[in-house]
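Notes for the one structure printed next.
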Amino acid sequence: MFTTRFLDLPPLQRAAGTVRLPGSKSISNRVLLLAGLCAGSTRIDALLASDDTRVMLDALRALGCGVEHDGDTVRIDGIGGVLRARDSDIFLGNSGTSTRSVTAALALLASAQGGRFAIRGVPRMHERPIGDLVDALRPLGCVIDYTGVAGFPPLRLGDGAPHALSLAEPIRVRGDVSSQFLTGLLQALCAASADHEIVIEVVGELISKPYIAITLNLLARFGVVVRNERWARFTIPAGSRLVSPGAIQVEGDASSASYFVALGAIAAEHGAPLRVEGMGSGSIQGDLAFVGAAQAMGANVLLGEHWVEVSRGSWPLKAITLDCNHIPDAAMTLAVMALFATGTTRLTNIASWRVKETDRIAAMAAELRKLGAVVTEGADFIEVNAPAAWRAATIRTYDDHRIAMCFSLAALNDAALPVRILDPQCVAKTFPDYFETLFGVVGARPNAVPIITVDGPTASGKGTLASAVAQRLGYHFLDSGAVYRATALAAMRSGTRTDDEQRLAQLATNLDLHFGPGEIRLSGQDVTETLRLEEVGALASKVSAFPLVRAALRTLQLSFHRLPGLVADGRDMGTVIFPGADLKIYLTASAATRAERRYKQLISKGISANIDSLRAELELRDARDQTRAVSPLRPAADAMLLDNSAFSVDASVDAVLTAWEQRRPFKAT
Ligand code: DC
């Protein structure tokens, strides 16, 4: 997952390959709650692992449910409608489904059985309405107090004493602000185990009906078949009980699929469609209808039961006018597709956007305009016209996962401009690996994927600097010295003569070397520490002087040049391996400073050392690296020289990031 302050997406071009979708958020959270409330144990396969499901799992634990993880399978031991914990403080982050559903269920259970629970979330959750749900629950005898602002979380449910509930009269709930209120009530009342029918009547036109369809479908899987009369009146049969289905499989998330369906429509060639696996015609999610909307805009689609293949059909895309009430989340993706369409795209009946993770109508309008689009917004609609001239934009994401994901598609612009996404980690709400998945199926012109090189002599601190810069930008990191060190280590271990250039080059070609997070493996063995040994470094300096060895290691080093970018450190990164790099740093420090740093490093590891001999050794190594015939150590002509003798690591990192920022097209926000 990208945890950087921002992520720069280089201009993207082609899409091809296969995406496996993460589990559906809507299904995951409903199944979790139903499994927690029902009698029996439920195995849930392919559960979504994200912020929203994590808070729901925490809530279930707080209720006393058993929760066991095994990969992306979770086993829930349900409470069978009887509270095992009576008092708890439950934090539900910014998860609307969790907050509304847990509130409904716990308000009934706590009031009937004498519990007392606090419900709270992040500040934005405390601005998202819940009054209609509370107003529906109070007449039943539920004890609910607002502990912040009336109409919004945080809430206190129950007062510790049991109360008689009256469920005999029809229960009325508004359906025109959020369908999650009705979902919450349906789930909670099916768990109430009443011996008479329970009727729920919807006041106002029910929005987002497909989400209610998911709720009804899953309730049926847990043994309760609710009668649905024209989406206005729902009847739970007398004597209904939630019973575990034993095992349940979560299908892929159809809203998450929308980004890849759009990507295929914008950038996949006709003969090589983008394949999205995990949802298809067999899906119970309403956002499946997004596929039809994408087709109307020009996408070429083939729909299987559990997959969809998409490529460019009409190009540019065609503007559409669409009532998006049934696909409020995926409709945001249509607004971004409109950037690639001729004409005015008009998305209507989307008032619910205003009470989601952020005011999505205002947010989409503001960010689309930054890209150059002409946008009109109304209380419940948005109109988008493609930019006459694209602009490089810094996209604010408002802690809203969907804004981050849909705006990533703007990087496919034909003006070859990058797009900066602020706070990219907000995708963790529903799709923690979104950007990695995207980078797995898109291409970019090689010179569009940025490279920063950091070259310099031994112990100049270039490794520390380069890896810190890579981390701050979310880029890949190449420690090219480790590649030579690994060759040296392989030579030591195999007893290869250090003057046998042919054999050394062969070793280098066949190196079984893997770089993982914080770990380097050679022939399956963790050699991270061993590679840092002085004798390995000294031998690396010798073997690296052989042209055949250098040539053999070239392809491996080039393979690090991948989306979204690379920071590479070594001796010849800016001169030989990546001569076209976008920013080249030549890092030095005085020999005395470097000897002292190396000395402290060794001492801290409990290795005894002598500072004078260390200095002599590194001067010798400098001389060898600088005078060898191939790729000698020297600054590239266009390198920025940075002497960090008197700098802290942070100051050096800031200097490089400032230099980098000056080369980017983004204005400060
Ligand atoms: O940066 P380092 O100390 O880990 O590098 C070990 C040796 O590898 C160094 O003395 C020279 C060689 N090297 C090289 O020739 N070219 C590079 N790009 C990186 C390292």
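Residues in the structure tokens are numbered from 1 in each chain, the chains being A, B, ... in the order shown, and ligands are numbered from 1 in the order shown.
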
Closest contacts (chain A/ligand 1, max 7 Å, only C-alpha atoms and all ligand atoms) as JSON lines:
{"residue": "A:Thr458", "atom": "CA", "partner": "ligand 1", "partner_atom_place_in_ligand_line": "3 (O)", "distance": 4.9}
{"residue": "A:Ala459", "atom": "CA", "partner": "ligand 1", "partner_atom_place_in_ligand_line": "3 (O)", "distance": 6.8}
{"residue": "A:Ser480", "atom": "CA", "partner": "ligand 1", "partner_atom_place_in_ligand_line": "19 (C)", "distance": 4.7}
{"residue": "A:Gly481", "atom": "CA", "partner": "ligand 1", "partner_atom_place_in_ligand_line": "20 (C)", "distance": 3.5}
{"residue": "A:Ala482", "atom": "CA", "partner": "ligand 1", "partner_atom_place_in_ligand_line": "4 (O)", "distance": 5.3}
{"residue": "A:Tyr484", "atom": "CA", "partner": "ligand 1", "partner_atom_place_in_ligand_line": "8 (O)", "distance": 4.9}
{"residue": "A:Arg485", "atom": "CA", "partner": "ligand 1", "partner_atom_place_in_ligand_line": "6 (C)", "distance": 5.7}
{"residue": "A:Gly537", "atom": "CA", "partner": "ligand 1", "partner_atom_place_in_ligand_line": "6 (C)", "distance": 4.9}
{"residue": "A:Ala538", "atom": "CA", "partner": "ligand 1", "partner_atom_place_in_ligand_line": "10 (O)", "distance": 6.3}
{"residue": "A:Ala540", "atom": "CA", "partner": "ligand 1", "partner_atom_place_in_ligand_line": "7 (C)", "distance": 4.6}
{"residue": "A:Ser541", "atom": "CA", "partner": "ligand 1", "partner_atom_place_in_ligand_line": "10 (O)", "distance": 3.7}
{"residue": "A:Ser544", "atom": "CA", "partner": "ligand 1", "partner_atom_place_in_ligand_line": "15 (O)", "distance": 4.7}
{"residue": "A:Ala545", "atom": "CA", "partner": "ligand 1", "partner_atom_place_in_ligand_line": "15 (O)", "distance": 6.7}
{"residue": "A:Asp569", "atom": "CA", "partner": "ligand 1", "partner_atom_place_in_ligand_line": "18 (N)", "distance": 6.7}
{"residue": "A:Gly570", "atom": "CA", "partner": "ligand 1", "partner_atom_place_in_ligand_line": "18 (N)", "distance": 3.6}
{"residue": "A:Arg571", "atom": "CA", "partner": "ligand 1", "partner_atom_place_in_ligand_line": "18 (N)", "distance": 4.0}
{"residue": "A:Asp572", "atom": "CA", "partner": "ligand 1", "partner_atom_place_in_ligand_line": "18 (N)", "distance": 4.8}
{"residue": "A:Met573", "atom": "CA", "partner": "ligand 1", "partner_atom_place_in_ligand_line": "18 (N)", "distance": 5.8}
{"residue": "A:Arg621", "atom": "CA", "partner": "ligand 1", "partner_atom_place_in_ligand_line": "10 (O)", "distance": 6.1}
{"residue": "A:Asp625", "atom": "CA", "partner": "ligand 1", "partner_atom_place_in_ligand_line": "11 (C)", "distance": 6.0}

Can you spit out the residues from that selection as a JSON list (two decimals), in the first residue's frame, using N, CA, C and O atoms?
[["chain", "number", "residue", "atom", "x", "y", "z"],
["A", 458, "THR", "N", 31.94, 5.24, -1.80],
["A", 458, "THR", "CA", 31.52, 4.37, -0.70],
["A", 458, "THR", "C", 31.34, 5.18, 0.59],
["A", 458, "THR", "O", 32.06, 6.15, 0.83],
["A", 459, "ALA", "N", 30.35, 4.79, 1.37],
["A", 459, "ALA", "CA", 30.06, 5.41, 2.67],
["A", 459, "ALA", "C", 29.68, 6.88, 2.58],
["A", 459, "ALA", "O", 29.80, 7.62, 3.55],
["A", 480, "SER", "N", 22.17, -0.68, -6.29],
["A", 480, "SER", "CA", 22.94, -1.43, -7.30],
["A", 480, "SER", "C", 24.21, -2.02, -6.68],
["A", 480, "SER", "O", 24.71, -3.04, -7.17],
["A", 481, "GLY", "N", 24.71, -1.40, -5.61],
["A", 481, "GLY", "CA", 25.88, -1.99, -4.94],
["A", 481, "GLY", "C", 25.59, -3.40, -4.48],
["A", 481, "GLY", "O", 26.45, -4.29, -4.54],
["A", 482, "ALA", "N", 24.33, -3.63, -4.03],
["A", 482, "ALA", "CA", 23.96, -4.96, -3.53],
["A", 482, "ALA", "C", 24.06, -6.00, -4.64],
["A", 482, "ALA", "O", 24.35, -7.17, -4.38],
["A", 484, "TYR", "N", 26.33, -6.01, -7.07],
["A", 484, "TYR", "CA", 27.75, -6.38, -7.18],
["A", 484, "TYR", "C", 28.21, -7.16, -5.95],
["A", 484, "TYR", "O", 28.99, -8.10, -6.04],
["A", 485, "ARG", "N", 27.70, -6.76, -4.80],
["A", 485, "ARG", "CA", 28.06, -7.48, -3.57],
["A", 485, "ARG", "C", 27.57, -8.92, -3.63],
["A", 485, "ARG", "O", 28.26, -9.85, -3.20],
["A", 537, "GLY", "N", 32.22, -6.18, 0.39],
["A", 537, "GLY", "CA", 32.29, -4.89, -0.31],
["A", 537, "GLY", "C", 33.60, -4.74, -1.06],
["A", 537, "GLY", "O", 33.63, -4.27, -2.21],
["A", 538, "ALA", "N", 34.70, -5.16, -0.43],
["A", 538, "ALA", "CA", 36.01, -5.03, -1.06],
["A", 538, "ALA", "C", 36.09, -5.90, -2.31],
["A", 538, "ALA", "O", 36.58, -5.47, -3.36],
["A", 540, "ALA", "N", 33.52, -6.90, -4.03],
["A", 540, "ALA", "CA", 32.58, -6.32, -5.01],
["A", 540, "ALA", "C", 33.28, -5.25, -5.83],
["A", 540, "ALA", "O", 33.10, -5.16, -7.05],
["A", 541, "SER", "N", 34.08, -4.45, -5.15],
["A", 541, "SER", "CA", 34.80, -3.39, -5.85],
["A", 541, "SER", "C", 35.72, -4.00, -6.91],
["A", 541, "SER", "O", 35.87, -3.46, -8.01],
["A", 544, "SER", "N", 33.57, -5.74, -9.82],
["A", 544, "SER", "CA", 32.80, -4.77, -10.59],
["A", 544, "SER", "C", 33.66, -4.06, -11.64],
["A", 544, "SER", "O", 33.13, -3.35, -12.48],
["A", 545, "ALA", "N", 34.97, -4.27, -11.58],
["A", 545, "ALA", "CA", 35.84, -3.64, -12.58],
["A", 545, "ALA", "C", 35.83, -4.42, -13.90],
["A", 545, "ALA", "O", 36.31, -3.92, -14.93],
["A", 569, "ASP", "N", 20.61, 3.89, -6.59],
["A", 569, "ASP", "CA", 21.89, 4.41, -6.11],
["A", 569, "ASP", "C", 23.03, 3.49, -6.51],
["A", 569, "ASP", "O", 22.84, 2.29, -6.70],
["A", 570, "GLY", "N", 24.20, 4.08, -6.68],
["A", 570, "GLY", "CA", 25.38, 3.29, -7.06],
["A", 570, "GLY", "C", 26.52, 4.18, -7.50],
["A", 570, "GLY", "O", 26.75, 5.24, -6.91],
["A", 571, "ARG", "N", 27.25, 3.69, -8.53],
["A", 571, "ARG", "CA", 28.41, 4.43, -9.01],
["A", 571, "ARG", "C", 28.18, 5.00, -10.42],
["A", 571, "ARG", "O", 28.70, 6.03, -10.78],
["A", 572, "ASP", "N", 27.38, 4.24, -11.20],
["A", 572, "ASP", "CA", 27.20, 4.60, -12.61],
["A", 572, "ASP", "C", 25.73, 4.69, -12.99],
["A", 572, "ASP", "O", 25.37, 4.51, -14.14],
["A", 573, "MET", "N", 24.88, 4.95, -12.01],
["A", 573, "MET", "CA", 23.45, 4.99, -12.30],
["A", 573, "MET", "C", 23.12, 6.12, -13.28],
["A", 573, "MET", "O", 22.42, 5.93, -14.26],
["A", 621, "ARG", "N", 39.53, 2.17, -2.24],
["A", 621, "ARG", "CA", 38.34, 1.74, -2.99],
["A", 621, "ARG", "C", 37.88, 2.86, -3.94],
["A", 621, "ARG", "O", 37.57, 2.62, -5.10],
["A", 625, "ASP", "N", 37.51, 2.49, -7.91],
["A", 625, "ASP", "CA", 36.23, 2.73, -8.57],
["A", 625, "ASP", "C", 36.33, 3.89, -9.57],
["A", 625, "ASP", "O", 35.65, 3.91, -10.59]]

Neighbours of A:Glu229 within 12 Å (only C-alpha atoms; same-chain residues fewer than 2 positions away dropped), as a list in words?
Val199, Ile200, Glu201, Val202, Val226, Arg227, Trp231, Ala232, Arg233, Phe234, Thr235 and Ile236 of chain A

With distances taken over only C-alpha atoms, the candidate from A:Gln601, A:Ser111, A:Ser258, A:Ser101 nearest A:Gln187 is A:Ser101

Write out as a PDB file with N, CA, C and O atoms, in the first residue's frame the residues lying within 10 Å of A:Glu619, counting only C-alpha atoms and excluding same-chain residues fewer than 3 positions away.
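As a result, selection10.pdb now contains:
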ATOM      1  N   PRO A 457      30.725   7.968  -3.888  1.00  0.00           N
ATOM      2  CA  PRO A 457      31.705   7.016  -3.373  1.00  0.00           C
ATOM      3  C   PRO A 457      31.167   6.218  -2.187  1.00  0.00           C
ATOM      4  O   PRO A 457      30.095   6.525  -1.658  1.00  0.00           O
ATOM      5  N   THR A 458      31.939   5.237  -1.804  1.00  0.00           N
ATOM      6  CA  THR A 458      31.525   4.369  -0.697  1.00  0.00           C
ATOM      7  C   THR A 458      31.338   5.180   0.590  1.00  0.00           C
ATOM      8  O   THR A 458      32.061   6.155   0.830  1.00  0.00           O
ATOM      9  N   ALA A 591      36.548  12.323   2.974  1.00  0.00           N
ATOM     10  CA  ALA A 591      37.010  10.979   3.351  1.00  0.00           C
ATOM     11  C   ALA A 591      36.950  10.814   4.873  1.00  0.00           C
ATOM     12  O   ALA A 591      36.568   9.754   5.383  1.00  0.00           O
ATOM     13  N   ALA A 592      37.298  11.875   5.602  1.00  0.00           N
ATOM     14  CA  ALA A 592      37.290  11.786   7.073  1.00  0.00           C
ATOM     15  C   ALA A 592      35.875  11.519   7.580  1.00  0.00           C
ATOM     16  O   ALA A 592      35.650  10.658   8.437  1.00  0.00           O
ATOM     17  N   ARG A 594      33.364  10.210   5.942  1.00  0.00           N
ATOM     18  CA  ARG A 594      32.895   8.882   5.533  1.00  0.00           C
ATOM     19  C   ARG A 594      33.518   7.783   6.386  1.00  0.00           C
ATOM     20  O   ARG A 594      32.846   6.831   6.800  1.00  0.00           O
ATOM     21  N   ALA A 595      34.823   7.942   6.697  1.00  0.00           N
ATOM     22  CA  ALA A 595      35.501   6.941   7.538  1.00  0.00           C
ATOM     23  C   ALA A 595      34.844   6.905   8.918  1.00  0.00           C
ATOM     24  O   ALA A 595      34.611   5.840   9.506  1.00  0.00           O
ATOM     25  N   SER A 613      42.557   2.845   9.439  1.00  0.00           N
ATOM     26  CA  SER A 613      42.630   1.841   8.374  1.00  0.00           C
ATOM     27  C   SER A 613      41.345   1.852   7.538  1.00  0.00           C
ATOM     28  O   SER A 613      41.373   1.592   6.339  1.00  0.00           O
ATOM     29  N   LEU A 614      40.225   2.209   8.173  1.00  0.00           N
ATOM     30  CA  LEU A 614      38.977   2.320   7.401  1.00  0.00           C
ATOM     31  C   LEU A 614      39.107   3.413   6.346  1.00  0.00           C
ATOM     32  O   LEU A 614      38.725   3.254   5.199  1.00  0.00           O
ATOM     33  N   ARG A 615      39.727   4.544   6.769  1.00  0.00           N
ATOM     34  CA  ARG A 615      39.885   5.663   5.841  1.00  0.00           C
ATOM     35  C   ARG A 615      40.810   5.259   4.689  1.00  0.00           C
ATOM     36  O   ARG A 615      40.509   5.538   3.510  1.00  0.00           O
ATOM     37  N   ALA A 616      41.914   4.594   5.032  1.00  0.00           N
ATOM     38  CA  ALA A 616      42.854   4.160   3.987  1.00  0.00           C
ATOM     39  C   ALA A 616      42.152   3.211   3.017  1.00  0.00           C
ATOM     40  O   ALA A 616      42.278   3.335   1.789  1.00  0.00           O
ATOM     41  N   ASP A 622      37.892   4.106  -3.447  1.00  0.00           N
ATOM     42  CA  ASP A 622      37.540   5.253  -4.304  1.00  0.00           C
ATOM     43  C   ASP A 622      38.430   5.276  -5.532  1.00  0.00           C
ATOM     44  O   ASP A 622      37.962   5.430  -6.661  1.00  0.00           O
ATOM     45  N   ALA A 623      39.740   5.123  -5.275  1.00  0.00           N
ATOM     46  CA  ALA A 623      40.715   5.206  -6.366  1.00  0.00           C
ATOM     47  C   ALA A 623      40.424   4.121  -7.395  1.00  0.00           C
ATOM     48  O   ALA A 623      40.414   4.376  -8.605  1.00  0.00           O
ATOM     49  N   ARG A 624      40.135   2.890  -6.906  1.00  0.00           N
ATOM     50  CA  ARG A 624      39.875   1.788  -7.842  1.00  0.00           C
ATOM     51  C   ARG A 624      38.581   2.051  -8.620  1.00  0.00           C
ATOM     52  O   ARG A 624      38.535   1.911  -9.839  1.00  0.00           O
ATOM     53  N   ASP A 625      37.515   2.490  -7.906  1.00  0.00           N
ATOM     54  CA  ASP A 625      36.228   2.728  -8.574  1.00  0.00           C
ATOM     55  C   ASP A 625      36.335   3.889  -9.573  1.00  0.00           C
ATOM     56  O   ASP A 625      35.649   3.909 -10.590  1.00  0.00           O
TER      57      ASP A 625
END

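Taking only C-alpha atoms into account, A:Ala589 lies nearest to A:Asp643 out of the set A:Asp72, A:Glu383, A:Asp638, A:Asp643.
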
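Going from atom CA of A:Leu218 to atom CA of A:Met56 covers 16.8 Å.
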
Taking only residues of stretch 444-531 of chain A that have an atom at most 10 Å from an atom of stretch 407-418 of chain A, what is each one's shortest atom pair and its distance in Å to one decimal, using only C-alpha atoms, in chain and number order, as JSON lines?
{"residue": "A:Ala444", "atom": "CA", "partner": "A:Leu412", "partner_atom": "CA", "distance": 9.2}
{"residue": "A:Arg445", "atom": "CA", "partner": "A:Ala416", "partner_atom": "CA", "distance": 9.5}
{"residue": "A:Ala448", "atom": "CA", "partner": "A:Ala416", "partner_atom": "CA", "distance": 8.3}
{"residue": "A:Val449", "atom": "CA", "partner": "A:Pro418", "partner_atom": "CA", "distance": 9.8}

Per DSSP on the backbone, filter stretch 55-248 of chain A down to the residues in helix (DSSP H, G or I) and report them as a PyMOL selection string.
chain A and resi 55-62+96-113+123-127+131-140+180-190+209-221

Take the selection from the previous step and output its residues with C-alpha atoms, as a short mmCIF file (atom, residue, chain, number, x, y, z; two decimals), in the first residue's frame.
data_model
loop_
_atom_site.label_atom_id
_atom_site.label_comp_id
_atom_site.auth_asym_id
_atom_site.auth_seq_id
_atom_site.Cartn_x
_atom_site.Cartn_y
_atom_site.Cartn_z
CA VAL A 55 -13.80 -1.87 12.00
CA MET A 56 -16.70 -4.28 11.53
CA LEU A 57 -14.56 -7.19 12.78
CA ASP A 58 -13.55 -5.08 15.80
CA ALA A 59 -17.24 -4.42 16.50
CA LEU A 60 -18.03 -8.14 16.36
CA ARG A 61 -15.22 -8.87 18.83
CA ALA A 62 -16.63 -6.18 21.12
CA GLY A 96 -21.25 4.13 6.73
CA THR A 97 -22.47 0.54 6.28
CA SER A 98 -20.89 -0.54 9.56
CA THR A 99 -22.12 2.45 11.55
CA ARG A 100 -25.73 2.25 10.36
CA SER A 101 -25.96 -1.55 10.60
CA VAL A 102 -24.23 -1.96 13.95
CA THR A 103 -26.29 0.90 15.39
CA ALA A 104 -29.57 -0.73 14.36
CA ALA A 105 -28.63 -4.17 15.62
CA LEU A 106 -27.13 -3.01 18.89
CA ALA A 107 -29.90 -0.52 19.65
CA LEU A 108 -32.39 -3.41 19.58
CA LEU A 109 -30.20 -5.92 21.43
CA ALA A 110 -28.96 -3.49 24.09
CA SER A 111 -32.44 -2.10 24.75
CA ALA A 112 -34.08 -5.53 24.97
CA GLN A 113 -31.32 -7.23 26.98
CA PRO A 123 -14.90 13.30 12.55
CA ARG A 124 -16.44 12.92 9.05
CA MET A 125 -18.61 10.04 10.34
CA HIS A 126 -19.94 12.46 12.94
CA GLU A 127 -21.15 14.67 10.07
CA GLY A 131 -31.31 10.71 12.49
CA ASP A 132 -33.74 8.85 10.20
CA LEU A 133 -32.54 5.53 11.59
CA VAL A 134 -32.75 6.71 15.19
CA ASP A 135 -36.25 8.09 14.53
CA ALA A 136 -37.29 4.66 13.21
CA LEU A 137 -35.83 2.81 16.21
CA ARG A 138 -37.02 4.98 19.12
CA PRO A 139 -40.76 4.25 18.69
CA LEU A 140 -39.93 0.55 19.11
CA GLN A 180 -28.21 2.01 4.69
CA PHE A 181 -30.89 2.90 7.28
CA LEU A 182 -33.24 0.33 5.76
CA THR A 183 -30.44 -2.22 5.44
CA GLY A 184 -29.58 -1.72 9.11
CA LEU A 185 -33.21 -2.15 10.18
CA LEU A 186 -33.79 -5.22 8.03
CA GLN A 187 -30.72 -6.99 9.40
CA ALA A 188 -31.44 -6.04 13.00
CA LEU A 189 -35.13 -7.00 12.88
CA CYS A 190 -34.41 -10.35 11.26
CA LYS A 209 -32.42 0.00 -4.41
CA PRO A 210 -29.74 -2.43 -5.61
CA TYR A 211 -28.08 -2.21 -2.17
CA ILE A 212 -31.35 -3.31 -0.56
CA ALA A 213 -31.43 -6.18 -3.07
CA ILE A 214 -28.00 -7.28 -1.76
CA THR A 215 -29.30 -7.12 1.82
CA LEU A 216 -32.39 -9.21 0.97
CA ASN A 217 -30.31 -11.73 -0.96
CA LEU A 218 -27.92 -12.22 1.96
CA LEU A 219 -30.70 -12.39 4.55
CA ALA A 220 -32.15 -15.25 2.51
CA ARG A 221 -28.74 -16.99 2.65
#

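Residues in contact range of A:Lys667, defined as at most 10 Å between only C-alpha atoms, with sequence neighbours fewer than 3 positions away removed, read Ala392, Ala393, Thr394, Glu661, Gln662 and Arg664 of chain A.
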
Could you write those residues out with C-alpha atoms, as a short mmCIF file (atom, residue, chain, number, x, y, z; two decimals), in the first residue's frame?
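Resulting contents of out-v6.cif:
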data_model
loop_
_atom_site.label_atom_id
_atom_site.label_comp_id
_atom_site.auth_asym_id
_atom_site.auth_seq_id
_atom_site.Cartn_x
_atom_site.Cartn_y
_atom_site.Cartn_z
CA ALA A 392 -1.33 18.67 -14.74
CA ALA A 393 -3.32 18.60 -11.52
CA THR A 394 -2.83 17.86 -7.86
CA GLU A 661 9.72 19.21 -6.89
CA GLN A 662 11.21 21.96 -9.07
CA ARG A 664 7.54 18.55 -11.61
#

Spatial neighbours of stretch 265-273 of chain A, 7 Å, only C-alpha atoms, chain gap at least 4 places, as a list of chain:residue names
A:Gln13, A:Arg14, A:Ala15, A:Ala16, A:Val261, A:Ala299, A:Asn300, A:Glu309, A:Val310, A:Ser311, A:Arg312, A:Gly313

Give me the residues near A:Ser494 as a list in words, where near means some atom within 12 Å (using only C-alpha atoms) and where sequence neighbours in that chain fewer than 4 positions away do not count.
Thr487, Ala488, Leu489, Ala490, Thr498, Arg503, Leu504 and Leu507 of chain A

Write the residues you've just listed into a file as a PDB file, in the first residue's frame, and include all heavy atoms for each of them.
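What ended up in again_10.pdb:
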ATOM      1  N   THR A 487      27.134 -10.667  -6.280  1.00  0.00           N
ATOM      2  CA  THR A 487      28.016 -11.398  -7.202  1.00  0.00           C
ATOM      3  C   THR A 487      29.297 -11.804  -6.472  1.00  0.00           C
ATOM      4  O   THR A 487      29.781 -12.940  -6.598  1.00  0.00           O
ATOM      5  CB  THR A 487      28.349 -10.507  -8.422  1.00  0.00           C
ATOM      6  OG1 THR A 487      27.136 -10.025  -8.974  1.00  0.00           O
ATOM      7  CG2 THR A 487      29.133 -11.275  -9.472  1.00  0.00           C
ATOM      8  N   ALA A 488      29.838 -10.870  -5.686  1.00  0.00           N
ATOM      9  CA  ALA A 488      31.066 -11.159  -4.929  1.00  0.00           C
ATOM     10  C   ALA A 488      30.818 -12.288  -3.926  1.00  0.00           C
ATOM     11  O   ALA A 488      31.633 -13.221  -3.805  1.00  0.00           O
ATOM     12  CB  ALA A 488      31.532  -9.896  -4.206  1.00  0.00           C
ATOM     13  N   LEU A 489      29.683 -12.223  -3.251  1.00  0.00           N
ATOM     14  CA  LEU A 489      29.372 -13.256  -2.253  1.00  0.00           C
ATOM     15  C   LEU A 489      29.209 -14.623  -2.930  1.00  0.00           C
ATOM     16  O   LEU A 489      29.715 -15.647  -2.433  1.00  0.00           O
ATOM     17  CB  LEU A 489      28.091 -12.872  -1.496  1.00  0.00           C
ATOM     18  CG  LEU A 489      27.666 -13.822  -0.374  1.00  0.00           C
ATOM     19  CD1 LEU A 489      28.733 -13.891   0.719  1.00  0.00           C
ATOM     20  CD2 LEU A 489      26.333 -13.385   0.226  1.00  0.00           C
ATOM     21  N   ALA A 490      28.522 -14.619  -4.084  1.00  0.00           N
ATOM     22  CA  ALA A 490      28.345 -15.879  -4.816  1.00  0.00           C
ATOM     23  C   ALA A 490      29.706 -16.434  -5.227  1.00  0.00           C
ATOM     24  O   ALA A 490      29.933 -17.651  -5.184  1.00  0.00           O
ATOM     25  CB  ALA A 490      27.460 -15.645  -6.039  1.00  0.00           C
ATOM     26  N   THR A 498      38.870 -14.912  -8.329  1.00  0.00           N
ATOM     27  CA  THR A 498      38.430 -13.522  -8.481  1.00  0.00           C
ATOM     28  C   THR A 498      39.074 -12.832  -9.687  1.00  0.00           C
ATOM     29  O   THR A 498      38.792 -11.673  -9.947  1.00  0.00           O
ATOM     30  CB  THR A 498      38.726 -12.711  -7.199  1.00  0.00           C
ATOM     31  OG1 THR A 498      40.107 -12.844  -6.917  1.00  0.00           O
ATOM     32  CG2 THR A 498      37.903 -13.199  -6.040  1.00  0.00           C
ATOM     33  N   ARG A 503      34.024 -16.675 -15.724  1.00  0.00           N
ATOM     34  CA  ARG A 503      33.241 -17.409 -14.710  1.00  0.00           C
ATOM     35  C   ARG A 503      32.434 -16.434 -13.842  1.00  0.00           C
ATOM     36  O   ARG A 503      31.286 -16.695 -13.494  1.00  0.00           O
ATOM     37  CB  ARG A 503      34.169 -18.247 -13.795  1.00  0.00           C
ATOM     38  CG  ARG A 503      34.849 -19.433 -14.454  1.00  0.00           C
ATOM     39  CD  ARG A 503      33.916 -20.652 -14.597  1.00  0.00           C
ATOM     40  NE  ARG A 503      33.067 -20.900 -13.438  1.00  0.00           N
ATOM     41  CZ  ARG A 503      33.426 -21.574 -12.356  1.00  0.00           C
ATOM     42  NH1 ARG A 503      34.644 -22.089 -12.261  1.00  0.00           N
ATOM     43  NH2 ARG A 503      32.577 -21.762 -11.368  1.00  0.00           N
ATOM     44  N   LEU A 504      33.060 -15.304 -13.493  1.00  0.00           N
ATOM     45  CA  LEU A 504      32.362 -14.305 -12.662  1.00  0.00           C
ATOM     46  C   LEU A 504      31.138 -13.753 -13.410  1.00  0.00           C
ATOM     47  O   LEU A 504      30.062 -13.577 -12.828  1.00  0.00           O
ATOM     48  CB  LEU A 504      33.309 -13.159 -12.293  1.00  0.00           C
ATOM     49  CG  LEU A 504      34.397 -13.508 -11.271  1.00  0.00           C
ATOM     50  CD1 LEU A 504      35.428 -12.385 -11.185  1.00  0.00           C
ATOM     51  CD2 LEU A 504      33.799 -13.771  -9.889  1.00  0.00           C
ATOM     52  N   LEU A 507      28.442 -16.297 -13.320  1.00  0.00           N
ATOM     53  CA  LEU A 507      27.794 -16.249 -11.996  1.00  0.00           C
ATOM     54  C   LEU A 507      26.797 -15.095 -11.936  1.00  0.00           C
ATOM     55  O   LEU A 507      25.673 -15.246 -11.463  1.00  0.00           O
ATOM     56  CB  LEU A 507      28.857 -15.984 -10.918  1.00  0.00           C
ATOM     57  CG  LEU A 507      29.427 -17.123 -10.098  1.00  0.00           C
ATOM     58  CD1 LEU A 507      30.344 -16.552  -9.026  1.00  0.00           C
ATOM     59  CD2 LEU A 507      28.296 -17.912  -9.441  1.00  0.00           C
TER      60      LEU A 507
END

Neighbour list for A:Phe647 as a VMD selection string, cut-off 12 Å, only C-alpha atoms, skip fewer than 4 positions in-chain:
chain A and resid 460 to 461 465 587 to 590 593 642 to 643 651 to 655

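Taking atom CA of A:Asp400 and atom CA of A:Val177 as endpoints, the distance between them is 19.0 Å.
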
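When atom CA of A:Asp52 is paired with atom CA of A:Val122, their separation reads 12.1 Å.
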